[in-house]
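Trainee: I have a structure I would like to understand better, so I am pasting it below and will then ask my questions one at a time.
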Amino acid sequence: CGADGGYRELVLCDQPAAYWRLGDLGPPSAINQADSGSAAAYIAADAGSITYGVGGAIAGDPDHAIHLDGTGLVNGGTALSFPGRAPYSIEAWVAPEGDNFSYRRIVEQVTYDSNGNAQDGYIIYNHETSAAEQYVDGSAAQVLGPPLGNLAYSHVVVTFDGGALRIYVNGALARTTAATAVPAAAVPATVFIGGNTRPGSGWIGKIDEVAIYAYPLDAKQVDAHYRAGHGP
């Protein structure tokens, strides 16, 4: 499935719950390739916070990406939720630029308490190295990957299978950590790409090809996506 149709077709064959290519040439919204009836909203702090139509990550594919300056982001809505031990995968191609080493968000869907402490959900980010955290009732499980190359695209995938949190970078499994706690209840949160509503969390650099799955991609699928996107 998708063997001869390119990167987009390969991703769609693996049935993502949401898939934003981020190749739109301007606002107001990013097309969800997995659900033509929904879209994500581009949120720009000012005219220069999101640059559209920049060079994309996928080799040989003319589809574009976006560049964020640390204040722009994409709001994916609250439709996606993975409570308890519900499995998921988060996938993105990212090219960090300059000061991108202070918990700069790639994708986030998490609730916060009144003091600003994360409670439930997940955050995929860059903080000196690639990393992900899964929060359950205020407790975090963390998995760390390798550093991401400055200005160059990296393929980052985080998966949760109900018991283990894994991070893959450029097709290879970097690390696995246990993450088995179960929250008392699911609280819907907004999916943010490239930041959240809190200052200092925004991504600086390019983001492309963000996909979310309601199951854990396996190592073969991750490798296939990386090879399809990276080229020979």
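In the structure tokens, chains take letters A, B, ... by order of appearance, with residues numbered from 1 within each chain and ligands from 1 in the order shown.
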Within 10 Å of region 208-229 of chain A, which residues of region 69-152 of chain A show up? Give each one with its shortest atom-to-atom distance in Å (one decimal) and the two atoms involved, counting only C-alpha atoms, rows by chain then rising residue number, as JSON lines.
Mentor:
{"residue": "A:Leu80", "atom": "CA", "partner": "A:Ile212", "partner_atom": "CA", "distance": 8.7}
{"residue": "A:Ser81", "atom": "CA", "partner": "A:Ala214", "partner_atom": "CA", "distance": 8.9}
{"residue": "A:Phe82", "atom": "CA", "partner": "A:Ala214", "partner_atom": "CA", "distance": 7.7}
{"residue": "A:Ala86", "atom": "CA", "partner": "A:Ala214", "partner_atom": "CA", "distance": 7.8}
{"residue": "A:Pro87", "atom": "CA", "partner": "A:Tyr215", "partner_atom": "CA", "distance": 4.8}
{"residue": "A:Tyr88", "atom": "CA", "partner": "A:Tyr215", "partner_atom": "CA", "distance": 4.3}
{"residue": "A:Ser89", "atom": "CA", "partner": "A:Tyr213", "partner_atom": "CA", "distance": 4.9}
{"residue": "A:Ile90", "atom": "CA", "partner": "A:Ile212", "partner_atom": "CA", "distance": 4.7}
{"residue": "A:Glu91", "atom": "CA", "partner": "A:Ala211", "partner_atom": "CA", "distance": 5.1}
{"residue": "A:Ala92", "atom": "CA", "partner": "A:Val210", "partner_atom": "CA", "distance": 4.4}
{"residue": "A:Trp93", "atom": "CA", "partner": "A:Asp208", "partner_atom": "CA", "distance": 5.1}
{"residue": "A:Val94", "atom": "CA", "partner": "A:Asp208", "partner_atom": "CA", "distance": 6.3}
{"residue": "A:Ala95", "atom": "CA", "partner": "A:Asp208", "partner_atom": "CA", "distance": 8.7}
{"residue": "A:Ile106", "atom": "CA", "partner": "A:Val210", "partner_atom": "CA", "distance": 9.1}
{"residue": "A:Val107", "atom": "CA", "partner": "A:Val210", "partner_atom": "CA", "distance": 8.4}
Trainee: I want to know what sits within 7 Å of Gly70 (chain A), based on only C-alpha atoms, with residues of the same chain fewer than 2 positions away left out; could you give that as a PyMOL selection string?
Mentor: chain A and resi 68+72+202-204
Trainee: Which of these residues is nearest to Val136 (chain A), using only C-alpha atoms: A:Ala40, A:Val157, A:Val169, A:Ala179?
Mentor: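 Closest to Val136 (chain A), using only C-alpha atoms: A:Ala179.
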Trainee: Would you mind listing what lies within 12 Å of Ala189 (chain A) as a PyMOL selection string, with only C-alpha atoms counted and same-chain residues fewer than 6 positions away left out?
Mentor: chain A and resi 75-83+108-112+118-123+196
Trainee: Pick out the closest residue to Asp63 (chain A) from this set: A:Pro96, A:Gly116, A:Gly205, A:Gly6. Count only C-alpha atoms.
Mentor: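 The shortest atom-to-atom distance to Asp63 (chain A) comes from A:Gly6.
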Trainee: Extract, using only C-alpha atoms, all DNA, RNA and protein residues at most 8 Å from Leu12 (chain A), discarding same-chain residues fewer than 4 positions from it, and format them as an MDAnalysis selection string.
Mentor: chainID A and resid 8 16 33:34
Trainee: Which residues are close to Arg105 (chain A), i.e. within 10 Å by only C-alpha atoms, leaving aside same-chain residues fewer than 5 positions away? Reply as a PyMOL selection string.
Mentor: chain A and resi 70+73+100+123-127+131-132+192-196+200-204
Trainee: Save out the residues we just selected, all heavy atoms, as a compact mmCIF listing (two decimals), in the first residue's frame.
Mentor:
# COMPACT_ATOMS: atom_id res chain seq x y z
N GLY A 70 8.75 31.23 16.43
CA GLY A 70 8.63 31.09 17.87
C GLY A 70 7.35 31.64 18.44
O GLY A 70 7.05 31.42 19.62
N LEU A 73 1.79 29.39 15.39
CA LEU A 73 1.51 27.98 15.64
C LEU A 73 0.30 27.55 14.83
O LEU A 73 -0.31 28.34 14.12
CB LEU A 73 1.29 27.72 17.13
CG LEU A 73 0.26 28.57 17.89
CD1 LEU A 73 -1.16 28.05 17.72
CD2 LEU A 73 0.58 28.65 19.36
N ASN A 100 16.72 26.88 19.56
CA ASN A 100 15.60 25.95 19.59
C ASN A 100 15.83 24.89 20.67
O ASN A 100 15.47 23.74 20.52
CB ASN A 100 15.45 25.25 18.23
CG ASN A 100 14.01 25.25 17.75
OD1 ASN A 100 13.09 25.18 18.56
ND2 ASN A 100 13.81 25.32 16.45
N ILE A 123 3.63 15.80 25.04
CA ILE A 123 4.38 16.89 24.43
C ILE A 123 5.58 16.30 23.71
O ILE A 123 6.34 15.54 24.30
CB ILE A 123 4.88 17.91 25.47
CG1 ILE A 123 3.73 18.45 26.33
CG2 ILE A 123 5.59 19.07 24.77
CD1 ILE A 123 4.20 19.32 27.49
N ILE A 124 5.73 16.60 22.43
CA ILE A 124 6.93 16.24 21.68
C ILE A 124 7.68 17.55 21.43
O ILE A 124 7.09 18.52 20.95
CB ILE A 124 6.59 15.54 20.35
CG1 ILE A 124 5.97 14.17 20.62
CG2 ILE A 124 7.84 15.34 19.51
CD1 ILE A 124 4.50 14.20 20.90
N TYR A 125 8.96 17.60 21.79
CA TYR A 125 9.65 18.89 21.80
C TYR A 125 11.15 18.70 21.56
O TYR A 125 11.65 17.58 21.44
CB TYR A 125 9.41 19.60 23.14
CG TYR A 125 9.93 18.85 24.35
CD1 TYR A 125 11.18 19.12 24.89
CD2 TYR A 125 9.16 17.86 24.97
CE1 TYR A 125 11.66 18.44 26.01
CE2 TYR A 125 9.62 17.17 26.08
CZ TYR A 125 10.87 17.47 26.61
OH TYR A 125 11.33 16.79 27.71
N ASN A 126 11.84 19.83 21.50
CA ASN A 126 13.30 19.83 21.40
C ASN A 126 13.85 20.63 22.56
O ASN A 126 13.47 21.78 22.78
CB ASN A 126 13.74 20.45 20.07
CG ASN A 126 15.18 20.13 19.72
OD1 ASN A 126 15.63 19.03 19.96
ND2 ASN A 126 15.89 21.09 19.14
N HIS A 127 14.74 20.01 23.35
CA HIS A 127 15.39 20.70 24.46
C HIS A 127 16.81 20.14 24.56
O HIS A 127 17.08 19.21 25.31
CB HIS A 127 14.63 20.49 25.76
CG HIS A 127 15.25 21.20 26.93
ND1 HIS A 127 15.22 22.58 27.05
CD2 HIS A 127 15.91 20.74 28.02
CE1 HIS A 127 15.83 22.92 28.17
NE2 HIS A 127 16.27 21.83 28.76
N ALA A 131 12.83 14.96 22.31
CA ALA A 131 12.28 14.37 23.52
C ALA A 131 10.76 14.34 23.45
O ALA A 131 10.14 15.02 22.63
CB ALA A 131 12.73 15.16 24.76
N ALA A 132 10.17 13.53 24.33
CA ALA A 132 8.72 13.49 24.49
C ALA A 132 8.40 13.23 25.94
O ALA A 132 9.14 12.55 26.66
CB ALA A 132 8.11 12.40 23.61
N PHE A 192 -1.81 21.34 19.50
CA PHE A 192 -1.04 22.46 18.96
C PHE A 192 0.17 21.93 18.20
O PHE A 192 0.84 21.01 18.67
CB PHE A 192 -0.53 23.38 20.07
CG PHE A 192 -1.61 24.21 20.73
CD1 PHE A 192 -1.93 24.00 22.06
CD2 PHE A 192 -2.27 25.19 20.03
CE1 PHE A 192 -2.90 24.76 22.69
CE2 PHE A 192 -3.26 25.95 20.64
CZ PHE A 192 -3.57 25.74 21.98
N ILE A 193 0.46 22.52 17.06
CA ILE A 193 1.65 22.22 16.28
C ILE A 193 2.55 23.45 16.32
O ILE A 193 2.12 24.54 15.97
CB ILE A 193 1.29 21.88 14.82
CG1 ILE A 193 0.39 20.65 14.76
CG2 ILE A 193 2.56 21.66 13.99
CD1 ILE A 193 -0.20 20.40 13.39
N GLY A 194 3.77 23.26 16.81
CA GLY A 194 4.73 24.36 16.81
C GLY A 194 4.63 25.30 17.99
O GLY A 194 5.16 26.42 17.93
N GLY A 195 3.99 24.89 19.08
CA GLY A 195 3.91 25.76 20.25
C GLY A 195 2.67 25.50 21.07
O GLY A 195 2.04 24.46 20.97
N ASN A 196 2.31 26.46 21.91
CA ASN A 196 1.03 26.49 22.60
C ASN A 196 0.74 27.95 22.90
O ASN A 196 1.32 28.84 22.29
CB ASN A 196 1.04 25.60 23.85
CG ASN A 196 2.07 26.01 24.88
OD1 ASN A 196 2.53 27.15 24.90
ND2 ASN A 196 2.47 25.07 25.72
N GLY A 200 7.42 31.48 24.92
CA GLY A 200 8.67 30.77 25.05
C GLY A 200 8.63 29.31 24.65
O GLY A 200 9.66 28.63 24.71
N SER A 201 7.47 28.81 24.25
CA SER A 201 7.37 27.39 23.89
C SER A 201 7.38 27.16 22.39
O SER A 201 7.38 26.03 21.93
CB SER A 201 6.08 26.80 24.47
OG SER A 201 4.94 27.36 23.82
N GLY A 202 7.34 28.24 21.61
CA GLY A 202 7.14 28.12 20.17
C GLY A 202 8.35 27.62 19.41
O GLY A 202 9.50 27.94 19.73
N TRP A 203 8.08 26.84 18.39
CA TRP A 203 9.12 26.29 17.53
C TRP A 203 9.74 27.40 16.70
O TRP A 203 9.06 28.33 16.24
CB TRP A 203 8.51 25.23 16.61
CG TRP A 203 9.53 24.52 15.77
CD1 TRP A 203 9.81 24.75 14.45
CD2 TRP A 203 10.41 23.48 16.19
NE1 TRP A 203 10.81 23.91 14.02
CE2 TRP A 203 11.20 23.12 15.08
CE3 TRP A 203 10.60 22.81 17.40
CZ2 TRP A 203 12.16 22.13 15.14
CZ3 TRP A 203 11.56 21.82 17.47
CH2 TRP A 203 12.33 21.48 16.34
N ILE A 204 11.05 27.29 16.48
CA ILE A 204 11.77 28.19 15.58
C ILE A 204 12.40 27.33 14.49
O ILE A 204 13.27 26.50 14.77
CB ILE A 204 12.86 28.98 16.33
CG1 ILE A 204 12.25 29.81 17.46
CG2 ILE A 204 13.60 29.90 15.36
CD1 ILE A 204 13.28 30.49 18.33
Trainee: Find the residues around Pro28 (chain A) up to 10 Å (only C-alpha atoms counted), leave out those fewer than 6 positions away in its own chain, and share them as an NGL selection string.
Mentor: :A and (39-44)
Trainee: Write out the residues from the selection above, keeping C-alpha atoms, as a JSON list (two decimals), in the first residue's frame.
Mentor:
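That gives us result-v3.json:
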[["chain", "number", "residue", "atom", "x", "y", "z"],
["A", 39, "ALA", "CA", -8.91, 21.66, 9.14],
["A", 40, "ALA", "CA", -6.42, 23.20, 11.55],
["A", 41, "ALA", "CA", -6.18, 26.96, 12.03],
["A", 42, "TYR", "CA", -2.95, 28.87, 11.49],
["A", 43, "ILE", "CA", -2.47, 31.31, 14.39],
["A", 44, "ALA", "CA", -0.01, 34.10, 13.63]]
Trainee: Of the candidates A:Ala30, A:Leu165, A:Ala65, A:Val74, which shows the shortest atom-to-atom distance to Leu144 (chain A), using only C-alpha atoms?
Mentor: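 Under the stated criterion, the closest residue is A:Leu165.
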